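Notes follow the structure.
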Amino acid sequence: MQNDGKNDNLRSTGHLSAGFIEEMNHKLLAAKEKLEADLNGLKVHEELGADLDSNVQEVEDDEVSQDLIARMKQDLEKINNALAKISAGTYGTDSEGEAISEERLRVMPWADKAL
């Protein structure tokens, strides 16, 4: 389900107010937009040149880029899950039904585990 920021279903989920959820919705959408733009800007190098030293550096850089891309894709998936939970009215709860604190969600709006 796509969330375009015009969610009329924003409502309190018990421990979180509708205003807080709306604020987190905007933060999640902004983070999603930034991550998608950053991901589009990262490309894994596919060709190696003739210089061995340059090739070694390129391979190392590619490994770092691949790790970064994987982490960003994981974060993007968590953001999409959080946006889906907002739409479903279950934002702020983890998979076991435990409440995720407002403080934790302020730091990481896509947090998926209660501490």
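Following the order of the structure tokens, chains are lettered A, B, ..., residues in each are numbered from 1, and ligands are numbered from 1.
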
At a cut-off of 12 Å, using only C-alpha atoms, what residues contact Trp110 in chain A? Leave out same-chain residues fewer than 2 positions from it and give the result as a ChimeraX atom specification. /A:21,24-29,31-32,74-86,91-94,100-102,104-108,112-114

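Compared by their closest atoms to Leu42 in chain A, and using only C-alpha atoms, the residues A:Glu22, A:Val64, A:Glu98, A:Leu115 rank with A:Val64 nearest.
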
List the spatial neighbours of Leu39 in chain A as a PyMOL selection string - criterion: any atom at most 10 Å away, only C-alpha atoms, same-chain residues fewer than 6 positions off excluded. chain A and resi 33+68-70+72-73+76

For the selection you just gave me, I'd like the residues written to a file as a short mmCIF file (atom, residue, chain, number, x, y, z; two decimals), in the first residue's frame, keeping N, CA and C atoms.
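As written to disk, result-v6.cif reads:
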```cif
data_model
loop_
_atom_site.label_atom_id
_atom_site.label_comp_id
_atom_site.auth_asym_id
_atom_site.auth_seq_id
_atom_site.Cartn_x
_atom_site.Cartn_y
_atom_site.Cartn_z
N GLU A 33 11.92 9.46 0.87
CA GLU A 33 12.31 10.22 -0.32
C GLU A 33 13.83 10.37 -0.39
N LEU A 68 26.59 -0.61 1.99
CA LEU A 68 25.79 0.59 2.23
C LEU A 68 24.43 0.47 1.53
N ILE A 69 24.43 0.00 0.30
CA ILE A 69 23.19 -0.17 -0.44
C ILE A 69 22.28 -1.17 0.27
N ALA A 70 22.84 -2.28 0.74
CA ALA A 70 22.04 -3.28 1.45
C ALA A 70 21.42 -2.70 2.71
N MET A 72 20.78 0.48 3.33
CA MET A 72 19.79 1.48 2.94
C MET A 72 18.49 0.80 2.49
N LYS A 73 18.61 -0.31 1.78
CA LYS A 73 17.42 -1.05 1.35
C LYS A 73 16.67 -1.63 2.55
N LEU A 76 14.85 1.26 4.09
CA LEU A 76 13.72 1.62 3.25
C LEU A 76 12.55 0.64 3.46
#
```

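One distance worth recording is that between CA of Thr90 in chain A and CA of His15 in chain A, which is 10.8 Å.
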